[in-house]
Each structure stands twice: as C-alpha cells, then as structure tokens.
Amino acid sequence: MDALANQKSLTGDPDRGAARLAPDCAGTNFYALDRGLRQLLPLYLSNGDFTRLEPQFDRLGALAGGRLDELARLADKHPPILHPRDRFGRDEDWIDYHGAYREMEGVAFGDFQFHAMSHRAGALGMDRPLPAVAKYALQYLFVQAEFGLMCPISVTDTSIHLIRKFADKALQDYLLPKMLSGDVTAMWKGTQFMTERAGGSDVGAIETVARCEDGEWRLTGDKWFCSHADADVALLLARPEGAPSGTKGLALFALPRRLKNGRRNSYRIVRLKDKLGTRSMASGEIRLEGATAYLVGDAKSGLKQMMEQVNLSRLSHGVRAAAMMRRCLNEAMICAKSRVAFGKTIIEYPLLRRQLLKIMLPVEQSLSMFLFAASAMDRANDGDKDAANLLRILTPLLKFRACRDNIPVATGAMEVRGGNGYIEEWVNARLVRDAHIGVLWEGTSNINALDIITRAVGKSGAHRTLAAALGKLLDESVAIPVGFRDRLRGTLDRALGFAERVAAEAALEANARRAASGLYHIASAVLMAWEASRPGTDARRALLARLILEHRLGTQDPLAPSTGDWETGAAELLLSERNVELAEVTSILE
Ligand SMILES: Cc1cc2nc3c(=O)[nH]c(=O)nc-3n(C[C@H](O)[C@H](O)[C@H](O)COP(=O)(O)OP(=O)(O)OC[C@H]3O[C@@H](n4cnc5c(N)ncnc54)[C@H](O)[C@@H]3O)c2cc1C
C-alpha cells in the first residue's frame, strides 16, 4: 500500500479523526520514492551492473518500506536480553533476540548476503562480487527501515576483509568458509572490540594483555563497548607481554566465541548496555579471562591493520547516516503535504518550506558524497592509487559530516510531524534516538575531523587528489553556467587553502572541524553541479549546490532578511514533484 492509499484508508474512519493526522511512509517502496538515488546510480555504476541490479534495489526498497519496517519497529521495542548463566549455574552466557530481529537477520545474511556480497560471487545471483557502489546503495535502502542490525552486518563484512587481507592461510581456512556462508543457521558473524574504559579515542591506552603459552595466545582484560556482543568471532587489539606502550605495542587478534572442541571460549559477556538508540542490537561489556585468540598478521602492525576495518566502518556509518536522513526527509515531506493547519497544508507556509529545505540539503549532500566515495573505492580496488588517496579523505569527511548532520535532520523531521513525532509509535522518535550514535562510534566528530586535517591533508596530501578529481568534474560540467562554475572553483581553492593552513599550523587545531566541513560542503556542491549537468538527471541538484554555497560556505548577516528572490524560486522547484531541466534553473545559477 502506498502512502496515499494509506491516507485514503484513514479517511474511511467514521469520525475522520485519523485522517486529520498525517500518514507516514509505511507501505511505500523506498527505492521508488528516492528520485535522487534512482537517477544517480546509473552515473556511478556501469550500465551492465545497474541493469542487472536494479530489480534488487527495487525489491529491497519494497521490503524496507514494508516487512522490514514492521520488523524494525518490533525489534526496537523488544531489545535483546542477556542470560549470564544457564539453569544449572554454568557460565554459559547467551543473548535472546526477538523473532523480528531474527527474521531481519534472515533477510540480511541469507537473502541479500550483505556480509559476503563484496567478497565472493553468488550474492543476488551475481557471477562476481558486487561493486562497492551497489553494496552501499543496498545498505542505504536497508537502513531506512532498520539501523541496529546494520552494525553486525557491516562488521561481519569488514572482519572478513581484514581476515582475507592479513590472516595466515591456516586462519583463513578456519574462519572464512564459515564467515562467508549464506546459511544463516550455520554461519559465523564477526565483530570488533577495541574500546576499553581507559580509552576509546586514545586507543594506545588499551590494557588488555596477550600472553603466548605453548604457542597459543591467551587474552586477559576488559572490553567496555562491544557491539554485536555475541558474535562468533571478534577482532580485537591487545598488547602482547613485553610489547611497547602506546599504539605501537598493539597486536590484532581474532577471538572465537566457541573453541574447536565446541566449548565456550574463556570470556564472558558481563552485561548489556542500556542504550539511547540501536536498541535492537546487543552492545555489551566483555571480560576476557585467558581467552584463546589467534594472532592476525604482523604483531607489530595491529593498529595499522585494524584501521582498515575502522575506515570501512566509517564509510558505512556515513551511508547509514545518509539513509536515516533520507527516511527523515521522506517522513517530513509526506507529513508536510497532508497535515492541515489554519486551513492550509503546512507545506504552503514559508517558514515550514524553509525547514524542509534545511532537512533536504544535508540528505542530498550525503547521497552524492557516499556514491562518490563508493565509486572511488571501486576504482581503488582495481588498483587505482589516486582513487585510494581520494577514498582516504572522503571516508572521514563523510563519516564526520553526515553523522553530525543526521542529528538536526532527525530533530527537524520530528518537529515537522508535530507532537506525534515525539511519540514512540511513530518512526521519528526512533530516528532521533538512533541519530546520535553516529557521532560517537568509530571515532567522535573531533577524532574524524583531526584525522582529515592532520593526517589526510597534513600527511597524505589527499586533499590535492580531491581537488584534482573535483576540478575534472567541473571541467566536464560544461552545461552549468560558467559564472557558477567559477564560483565553485574559487570556493574550492579557498576551502583547500584553509584546510592546508589548519594542517600546517598547530595553533589552528581548534579550526579542524570548520576546515573539514568546508571541504565536505564544497565537494558535495561540485558533485551536485556535475550530477545536474548529466543528461537525464534532475537539474535541481544544481540549485542545491547554490544553497550550499550561500548557506554553508557564504557569510550571512543575521540581522538582515536572508531570502532573495532566487531562494523563493529555488524552494518552489525543490519542493515540487517534478524533474527539472537545466534550462529552468540556469537563471537562478547565474
Ligand atoms: C552504543 C555504543 C556501541 C559501541 N560499540 C563499540 C564496539 O563495538 N567496539 C568498539 O571498539 N567500540 C565501541 N564503542 C565505543 C566508541 O567507539 C567510543 O565510545 C568512542 O570511540 C569514544 O571513545 P570514549 O567513549 O572513550 O570517549 P573519549 O575518547 O573519552 O572522548 C571523550 C570526548 O573527548 C573528545 N576527544 C578525545 N580526544 C580528543 C582530541 N585529541 N581532541 C579533541 N577532542 C578529543 C572526544 O571527541 C569526545 O567528545 C561503542 C560506543 C557506543 C556508545
């Protein structure tokens, strides 16, 4: 049932009270609803892959708006329960999940095989692994319904990556067949335990000790934040006895939940966290009591190896934020078009229209940015060094900005629904709760901003690769008025100069977030102008590029009216339902 049919069924209510409330997006197809995604995918995927995979995007879009949405609602209301002991008093700890969560696992790990789709052929009938663009587009659709489960899905995917890349053959032969399986009842899922009480950001403070006894590694210590706490295999950092302090002394280990003889490994899930969001998924505390683990790769490169997983997770977090923001925008739009106040639908009011644009802008920015980053990943996987350097900077940019933007977007969408947005029966309340974790895990906003400025810009010079890539896109955007292209080019130069300066002068460190935001905003504006210039793409993306220049990268007098005529015209077009040709927006760009 689509949203309007949903609304019609409400009008059947005898006192018509229900019809006075705005409907939500339940029952719609989230792919069909997403004009941006549908138009951009052919730009970032090969023709063959797009044609082959589009039915899967459509199928997942329908599931996300339908069954998955129902299951996600239930799983959020029935969080996992830890049983620390069995009835005989044995420390056989286990976690019970609601049937709704288990059913979603079936869709994710069995039907779509998210965890394996970029490692082997066979997922979704493909004769080779899926491109990164397709994988992240599928994650984006899934998360519009269910956010919590994407953590175990993604961390299984990224654990497989690390084991394939760094583990020795024996360990690979032991773990990979189980982890790559599409049989939900038998497969092994992965996770990552890094944070301890002594430090999340300050990983070098890790206190877990690894002791080698008779050729076997035994781990002792406490892991403080362990999402997907009952995973079958966890990747973690520990310090081998005698290794130096700080990050240099950390080694990477794989910790199986069950030993080869079938018995429980020597660690316990001490308790589960009572969390603000991601409530369907179990995050716990783990006590390692001489647990058996396998060394992964070089004992002296533990953190360096682990950072590959962190970076993959950061990209996925950016995609998840983009997904939740899209859901927020869809909810806000359907609400604004049907809720009546003072005799008019609320979308007709200028203040509300402005609010909708404020929600829309970061949503569309994050969509362009994640597709661009994923396409860089595809080229990097094919051996393109420039693309790898591009991905180096795009990953923390997306994680930092999209996750941060998710919070005001979720709050904004809640506000558009009015009081009902605050009530847990509607999805908005969950979206507000879930939005906040993005600025914490896999590095807080500060840690990601520092990574961008001090390392990606200061050490790797990745901003120059970004500048070259964006410059090339501007060269290709010949259909965009030259004056607007020049503005974009000029702003790009300034953003790069600012980032370089902050990277070079230690005294400017407090500007790292501003400098990182500048890079994100100009990159997304250039992408949108380029996308708008492509045949068949909605040219309204160029209007969004202008909004970025004015509102994110320009200066405004807080004591003067902010809306020029162009903004009223732009809002009219952006809030309409139709595709727009470039000719219609050219005058607004000039
Ligand atoms: C629900 C949930 C699930 C999680 N799951 C996992 C998991 O599965 N595995 C895992 O390993 N971890 C997990 N984490 C941990 C998470 O990654 C950390 O909480 C996060 O990295 C922050 O670390 P911290 O809590 O120690 O905060 P701190 O590092 O103490 O940071 C506190 C504040 O100081 C700031 N700060 C720190 N250093 C600097 C600096 N140099 N400059 C400026 N500001 C700075 C931070 O930005 C932050 O605002 C999870 C956390 C939560 C909440």
# chains A, B, ... in the order shown; residues from 1 in each chain; ligands from 1

$ residues_near_ligand --ligand "ligand 1" --cutoff "8 Å" --atoms "only C-alpha atoms and all ligand atoms" --output "MDAnalysis selection string"
chainID A and resid 191:202 223:229 236 273 275:278 283 437 440:447 450

$ closest_atom_pairs --of "stretch 349-419 of chain A" --to "stretch 37-57 of chain A" --cutoff "12 Å" --atoms "only C-alpha atoms" --output "tab-separated table"
residue	atom	partner	partner_atom	distance
A:Val363	CA	A:Leu37	CA	11.1
A:Glu364	CA	A:Leu37	CA	9.3
A:Gln365	CA	A:Leu37	CA	11.8
A:Ser366	CA	A:Leu37	CA	11.1
A:Leu367	CA	A:Leu37	CA	7.4
A:Ser368	CA	A:Leu40	CA	7.9
A:Met369	CA	A:Leu40	CA	11.2
A:Phe370	CA	A:Tyr44	CA	10.4
A:Leu371	CA	A:Tyr44	CA	6.7
A:Phe372	CA	A:Tyr44	CA	7.3
A:Ala373	CA	A:Tyr44	CA	10.0
A:Ala374	CA	A:Tyr44	CA	8.5
A:Ser375	CA	A:Tyr44	CA	6.2
A:Ala376	CA	A:Tyr44	CA	9.7
A:Met377	CA	A:Tyr44	CA	11.4
A:Asp378	CA	A:Leu45	CA	9.7
A:Arg379	CA	A:Tyr44	CA	11.2

$ write_last_selection --atoms "all heavy atoms" --output "tab-separated table (two decimals), in the first residue's frame"
chain	number	residue	atom	x	y	z
A	363	VAL	N	20.63	15.83	3.31
A	363	VAL	CA	20.25	14.49	2.81
A	363	VAL	C	20.87	14.29	1.43
A	363	VAL	O	21.54	13.28	1.16
A	363	VAL	CB	18.71	14.37	2.70
A	363	VAL	CG1	18.33	13.02	2.11
A	363	VAL	CG2	18.06	14.57	4.05
A	364	GLU	N	20.67	15.27	0.56
A	364	GLU	CA	21.16	15.12	-0.82
A	364	GLU	C	22.68	15.22	-0.87
A	364	GLU	O	23.32	14.55	-1.68
A	364	GLU	CB	20.50	16.16	-1.73
A	364	GLU	CG	18.97	16.07	-1.81
A	364	GLU	CD	18.45	14.77	-2.42
A	364	GLU	OE1	19.25	13.99	-2.98
A	364	GLU	OE2	17.22	14.52	-2.30
A	365	GLN	N	23.26	16.05	0.00
A	365	GLN	CA	24.73	16.12	0.05
A	365	GLN	C	25.31	14.74	0.38
A	365	GLN	O	26.26	14.28	-0.26
A	365	GLN	CB	25.18	17.08	1.16
A	365	GLN	CG	25.06	18.55	0.83
A	365	GLN	CD	25.55	19.40	2.00
A	365	GLN	OE1	24.83	19.61	2.97
A	365	GLN	NE2	26.78	19.86	1.93
A	366	SER	N	24.74	14.10	1.39
A	366	SER	CA	25.32	12.82	1.83
A	366	SER	C	25.12	11.75	0.77
A	366	SER	O	25.98	10.87	0.61
A	366	SER	CB	24.70	12.39	3.16
A	366	SER	OG	23.32	12.17	3.03
A	367	LEU	N	24.03	11.83	0.01
A	367	LEU	CA	23.83	10.85	-1.06
A	367	LEU	C	24.93	10.97	-2.11
A	367	LEU	O	25.56	9.98	-2.50
A	367	LEU	CB	22.44	11.05	-1.69
A	367	LEU	CG	22.13	10.18	-2.91
A	367	LEU	CD1	22.10	8.69	-2.54
A	367	LEU	CD2	20.78	10.57	-3.55
A	368	SER	N	25.18	12.21	-2.56
A	368	SER	CA	26.22	12.40	-3.57
A	368	SER	C	27.58	11.97	-3.03
A	368	SER	O	28.37	11.34	-3.72
A	368	SER	CB	26.30	13.88	-3.98
A	368	SER	OG	25.11	14.25	-4.65
A	369	MET	N	27.84	12.33	-1.79
A	369	MET	CA	29.16	12.05	-1.22
A	369	MET	C	29.39	10.55	-1.02
A	369	MET	O	30.49	10.05	-1.25
A	369	MET	CB	29.32	12.79	0.11
A	369	MET	CG	29.51	14.29	-0.05
A	369	MET	SD	31.06	14.75	-0.87
A	369	MET	CE	32.21	14.65	0.50
A	370	PHE	N	28.36	9.82	-0.62
A	370	PHE	CA	28.64	8.40	-0.41
A	370	PHE	C	28.77	7.65	-1.73
A	370	PHE	O	29.60	6.74	-1.86
A	370	PHE	CB	27.66	7.75	0.60
A	370	PHE	CG	26.45	7.02	0.05
A	370	PHE	CD1	26.55	5.86	-0.71
A	370	PHE	CD2	25.16	7.47	0.35
A	370	PHE	CE1	25.43	5.18	-1.18
A	370	PHE	CE2	24.03	6.80	-0.10
A	370	PHE	CZ	24.18	5.65	-0.88
A	371	LEU	N	28.02	8.08	-2.74
A	371	LEU	CA	28.17	7.42	-4.04
A	371	LEU	C	29.55	7.72	-4.65
A	371	LEU	O	30.20	6.86	-5.22
A	371	LEU	CB	27.05	7.85	-4.99
A	371	LEU	CG	25.66	7.31	-4.62
A	371	LEU	CD1	24.57	7.97	-5.47
A	371	LEU	CD2	25.60	5.79	-4.78
A	372	PHE	N	29.99	8.95	-4.47
A	372	PHE	CA	31.31	9.35	-4.97
A	372	PHE	C	32.41	8.56	-4.25
A	372	PHE	O	33.35	8.04	-4.87
A	372	PHE	CB	31.47	10.86	-4.73
A	372	PHE	CG	32.70	11.48	-5.31
A	372	PHE	CD1	33.07	11.27	-6.64
A	372	PHE	CD2	33.50	12.32	-4.53
A	372	PHE	CE1	34.21	11.88	-7.17
A	372	PHE	CE2	34.63	12.94	-5.05
A	372	PHE	CZ	35.00	12.70	-6.37
A	373	ALA	N	32.28	8.44	-2.93
A	373	ALA	CA	33.28	7.70	-2.15
A	373	ALA	C	33.27	6.22	-2.54
A	373	ALA	O	34.33	5.60	-2.71
A	373	ALA	CB	32.99	7.85	-0.65
A	374	ALA	N	32.07	5.66	-2.71
A	374	ALA	CA	31.99	4.24	-3.06
A	374	ALA	C	32.57	3.99	-4.45
A	374	ALA	O	33.23	2.97	-4.69
A	374	ALA	CB	30.55	3.76	-2.99
A	375	SER	N	32.36	4.93	-5.37
A	375	SER	CA	32.93	4.72	-6.71
A	375	SER	C	34.46	4.84	-6.65
A	375	SER	O	35.16	4.14	-7.37
A	375	SER	CB	32.32	5.67	-7.75
A	375	SER	OG	32.69	6.99	-7.47
A	376	ALA	N	34.98	5.69	-5.76
A	376	ALA	CA	36.44	5.75	-5.56
A	376	ALA	C	36.93	4.41	-5.02
A	376	ALA	O	37.98	3.91	-5.41
A	376	ALA	CB	36.80	6.89	-4.61
A	377	MET	N	36.15	3.82	-4.12
A	377	MET	CA	36.55	2.52	-3.58
A	377	MET	C	36.61	1.46	-4.68
A	377	MET	O	37.53	0.64	-4.73
A	377	MET	CB	35.56	2.07	-2.48
A	377	MET	CG	35.94	0.76	-1.84
A	377	MET	SD	34.75	0.21	-0.61
A	377	MET	CE	35.22	1.20	0.79
A	378	ASP	N	35.64	1.49	-5.57
A	378	ASP	CA	35.65	0.52	-6.68
A	378	ASP	C	36.91	0.67	-7.53
A	378	ASP	O	37.55	-0.31	-7.90
A	378	ASP	CB	34.39	0.67	-7.55
A	378	ASP	CG	33.19	0.00	-6.92
A	378	ASP	OD1	33.37	-1.05	-6.26
A	378	ASP	OD2	32.06	0.52	-7.05
A	379	ARG	N	37.28	1.91	-7.82
A	379	ARG	CA	38.49	2.12	-8.62
A	379	ARG	C	39.74	1.76	-7.82
A	379	ARG	O	40.69	1.19	-8.36
A	379	ARG	CB	38.56	3.58	-9.12
A	379	ARG	CG	37.43	3.95	-10.10
A	379	ARG	CD	37.72	5.25	-10.82
A	379	ARG	NE	37.96	6.38	-9.94
A	379	ARG	CZ	37.02	7.06	-9.28
A	379	ARG	NH1	35.74	6.72	-9.40
A	379	ARG	NH2	37.33	8.09	-8.51

$ closest_residue --among "A:Ser338, A:Gly36, A:Thr156, A:Trp426" --to "A:Ala532" --atoms "only C-alpha atoms"
A:Gly36

$ residues_around --residues "A:Phe400" --least-positions-apart "3" --cutoff "6 Å" --atoms "only C-alpha atoms" --output "number ranges by chain"
A: 396-397, 403, 445, 448

$ write_last_selection --atoms "all heavy atoms" --output "PDB file, in the first residue's frame"
ATOM      1  N   PRO A 396      36.620   9.812   6.072  1.00  0.00           N
ATOM      2  CA  PRO A 396      36.331  10.561   7.307  1.00  0.00           C
ATOM      3  C   PRO A 396      35.476  11.800   7.054  1.00  0.00           C
ATOM      4  O   PRO A 396      34.719  12.206   7.946  1.00  0.00           O
ATOM      5  CB  PRO A 396      37.722  10.936   7.839  1.00  0.00           C
ATOM      6  CG  PRO A 396      38.650  10.819   6.682  1.00  0.00           C
ATOM      7  CD  PRO A 396      38.065   9.789   5.773  1.00  0.00           C
ATOM      8  N   LEU A 397      35.559  12.382   5.851  1.00  0.00           N
ATOM      9  CA  LEU A 397      34.700  13.543   5.559  1.00  0.00           C
ATOM     10  C   LEU A 397      33.236  13.145   5.663  1.00  0.00           C
ATOM     11  O   LEU A 397      32.421  13.826   6.294  1.00  0.00           O
ATOM     12  CB  LEU A 397      34.974  14.080   4.147  1.00  0.00           C
ATOM     13  CG  LEU A 397      36.169  15.019   3.942  1.00  0.00           C
ATOM     14  CD1 LEU A 397      36.302  15.386   2.463  1.00  0.00           C
ATOM     15  CD2 LEU A 397      36.035  16.289   4.782  1.00  0.00           C
ATOM     16  N   CYS A 403      27.195  12.112   9.721  1.00  0.00           N
ATOM     17  CA  CYS A 403      26.721  11.668  11.041  1.00  0.00           C
ATOM     18  C   CYS A 403      26.330  12.871  11.898  1.00  0.00           C
ATOM     19  O   CYS A 403      25.362  12.817  12.656  1.00  0.00           O
ATOM     20  CB  CYS A 403      27.787  10.836  11.746  1.00  0.00           C
ATOM     21  SG  CYS A 403      28.035   9.233  10.980  1.00  0.00           S
ATOM     22  N   SER A 445      33.263  13.051  16.362  1.00  0.00           N
ATOM     23  CA  SER A 445      33.420  14.083  15.321  1.00  0.00           C
ATOM     24  C   SER A 445      34.815  14.700  15.398  1.00  0.00           C
ATOM     25  O   SER A 445      35.468  14.907  14.372  1.00  0.00           O
ATOM     26  CB  SER A 445      32.367  15.174  15.505  1.00  0.00           C
ATOM     27  OG  SER A 445      31.081  14.615  15.441  1.00  0.00           O
ATOM     28  N   ASN A 448      37.459  12.329  13.959  1.00  0.00           N
ATOM     29  CA  ASN A 448      37.401  12.261  12.491  1.00  0.00           C
ATOM     30  C   ASN A 448      37.893  13.557  11.852  1.00  0.00           C
ATOM     31  O   ASN A 448      38.597  13.530  10.841  1.00  0.00           O
ATOM     32  CB  ASN A 448      35.985  11.922  12.020  1.00  0.00           C
ATOM     33  CG  ASN A 448      35.746  10.428  12.043  1.00  0.00           C
ATOM     34  OD1 ASN A 448      36.070   9.732  11.081  1.00  0.00           O
ATOM     35  ND2 ASN A 448      35.230   9.918  13.143  1.00  0.00           N
TER      36      ASN A 448
END

$ residues_around --residues "A:Ala167" --least-positions-apart "4" --cutoff "7 Å" --atoms "only C-alpha atoms" --output "ChimeraX atom specification"
/A:163,171-172,296-297

$ select_by_dssp --residues "stretch 255-465 of chain A" --states "alpha helix (DSSP H)" --output "JSON, numbers by chain"
{"A": [302, 303, 304, 305, 306, 307, 308, 309, 310, 311, 312, 313, 314, 315, 316, 317, 318, 319, 320, 321, 322, 323, 324, 325, 326, 327, 328, 329, 330, 331, 332, 333, 334, 335, 336, 337, 338, 350, 351, 352, 353, 354, 355, 356, 357, 358, 359, 360, 361, 362, 363, 364, 365, 366, 367, 368, 369, 370, 371, 372, 373, 374, 375, 376, 377, 378, 379, 380, 381, 385, 386, 387, 388, 389, 390, 391, 392, 393, 394, 395, 396, 397, 398, 399, 400, 401, 402, 403, 404, 405, 406, 407, 408, 409, 410, 411, 412, 413, 414, 415, 416, 427, 428, 429, 430, 431, 432, 433, 434, 435, 445, 446, 447, 448, 449, 450, 462, 463, 464, 465]}

$ atom_distance --atom1 "atom CA of A:His161" --atom2 "atom CA of A:Arg314"
14.4 Å

$ residues_around --residues "A:Gln139" --least-positions-apart "3" --cutoff "10 Å" --atoms "only C-alpha atoms" --output "PyMOL selection string"
chain A and resi 60+108+114+133-136+142-144+146-147+150+153-154+316+319-320+323

$ residues_around --residues "A:Arg211" --least-positions-apart "5" --cutoff "7 Å" --atoms "only C-alpha atoms" --output "PyMOL selection string"
chain A and resi 217-219+240-241

$ write_last_selection --atoms "all heavy atoms" --output "short mmCIF file (atom, residue, chain, number, x, y, z; two decimals), in the first residue's frame"
data_model
loop_
_atom_site.label_atom_id
_atom_site.label_comp_id
_atom_site.auth_asym_id
_atom_site.auth_seq_id
_atom_site.Cartn_x
_atom_site.Cartn_y
_atom_site.Cartn_z
N TRP A 217 47.83 -18.09 22.02
CA TRP A 217 47.66 -16.77 22.64
C TRP A 217 46.45 -16.79 23.58
O TRP A 217 45.38 -17.33 23.23
CB TRP A 217 47.44 -15.70 21.57
CG TRP A 217 48.69 -15.38 20.80
CD1 TRP A 217 49.06 -15.91 19.59
CD2 TRP A 217 49.72 -14.48 21.18
NE1 TRP A 217 50.27 -15.39 19.19
CE2 TRP A 217 50.71 -14.49 20.16
CE3 TRP A 217 49.95 -13.66 22.29
CZ2 TRP A 217 51.87 -13.72 20.22
CZ3 TRP A 217 51.10 -12.88 22.34
CH2 TRP A 217 52.05 -12.92 21.32
N ARG A 218 46.66 -16.19 24.77
CA ARG A 218 45.57 -16.08 25.76
C ARG A 218 45.40 -14.61 26.12
O ARG A 218 46.38 -13.92 26.42
CB ARG A 218 45.91 -16.83 27.04
CG ARG A 218 46.32 -18.25 26.80
CD ARG A 218 45.20 -19.16 27.26
NE ARG A 218 45.55 -20.54 26.95
CZ ARG A 218 44.69 -21.44 26.56
NH1 ARG A 218 43.43 -21.11 26.40
NH2 ARG A 218 45.05 -22.66 26.32
N LEU A 219 44.17 -14.16 26.11
CA LEU A 219 43.90 -12.73 26.35
C LEU A 219 43.22 -12.52 27.70
O LEU A 219 42.30 -13.26 28.07
CB LEU A 219 42.97 -12.16 25.27
CG LEU A 219 43.38 -12.34 23.80
CD1 LEU A 219 42.42 -11.58 22.91
CD2 LEU A 219 44.81 -11.87 23.56
N PRO A 240 50.71 -7.69 23.46
CA PRO A 240 51.50 -8.87 23.86
C PRO A 240 52.44 -8.50 25.01
O PRO A 240 52.96 -7.38 25.04
CB PRO A 240 52.29 -9.21 22.60
CG PRO A 240 51.52 -8.61 21.47
CD PRO A 240 50.88 -7.38 22.04
N GLU A 241 52.62 -9.42 25.94
CA GLU A 241 53.51 -9.14 27.09
C GLU A 241 54.86 -8.67 26.58
O GLU A 241 55.43 -9.28 25.65
CB GLU A 241 53.69 -10.41 27.92
CG GLU A 241 52.55 -10.60 28.89
CD GLU A 241 52.78 -11.83 29.76
OE1 GLU A 241 53.43 -12.79 29.29
OE2 GLU A 241 52.30 -11.83 30.90
#
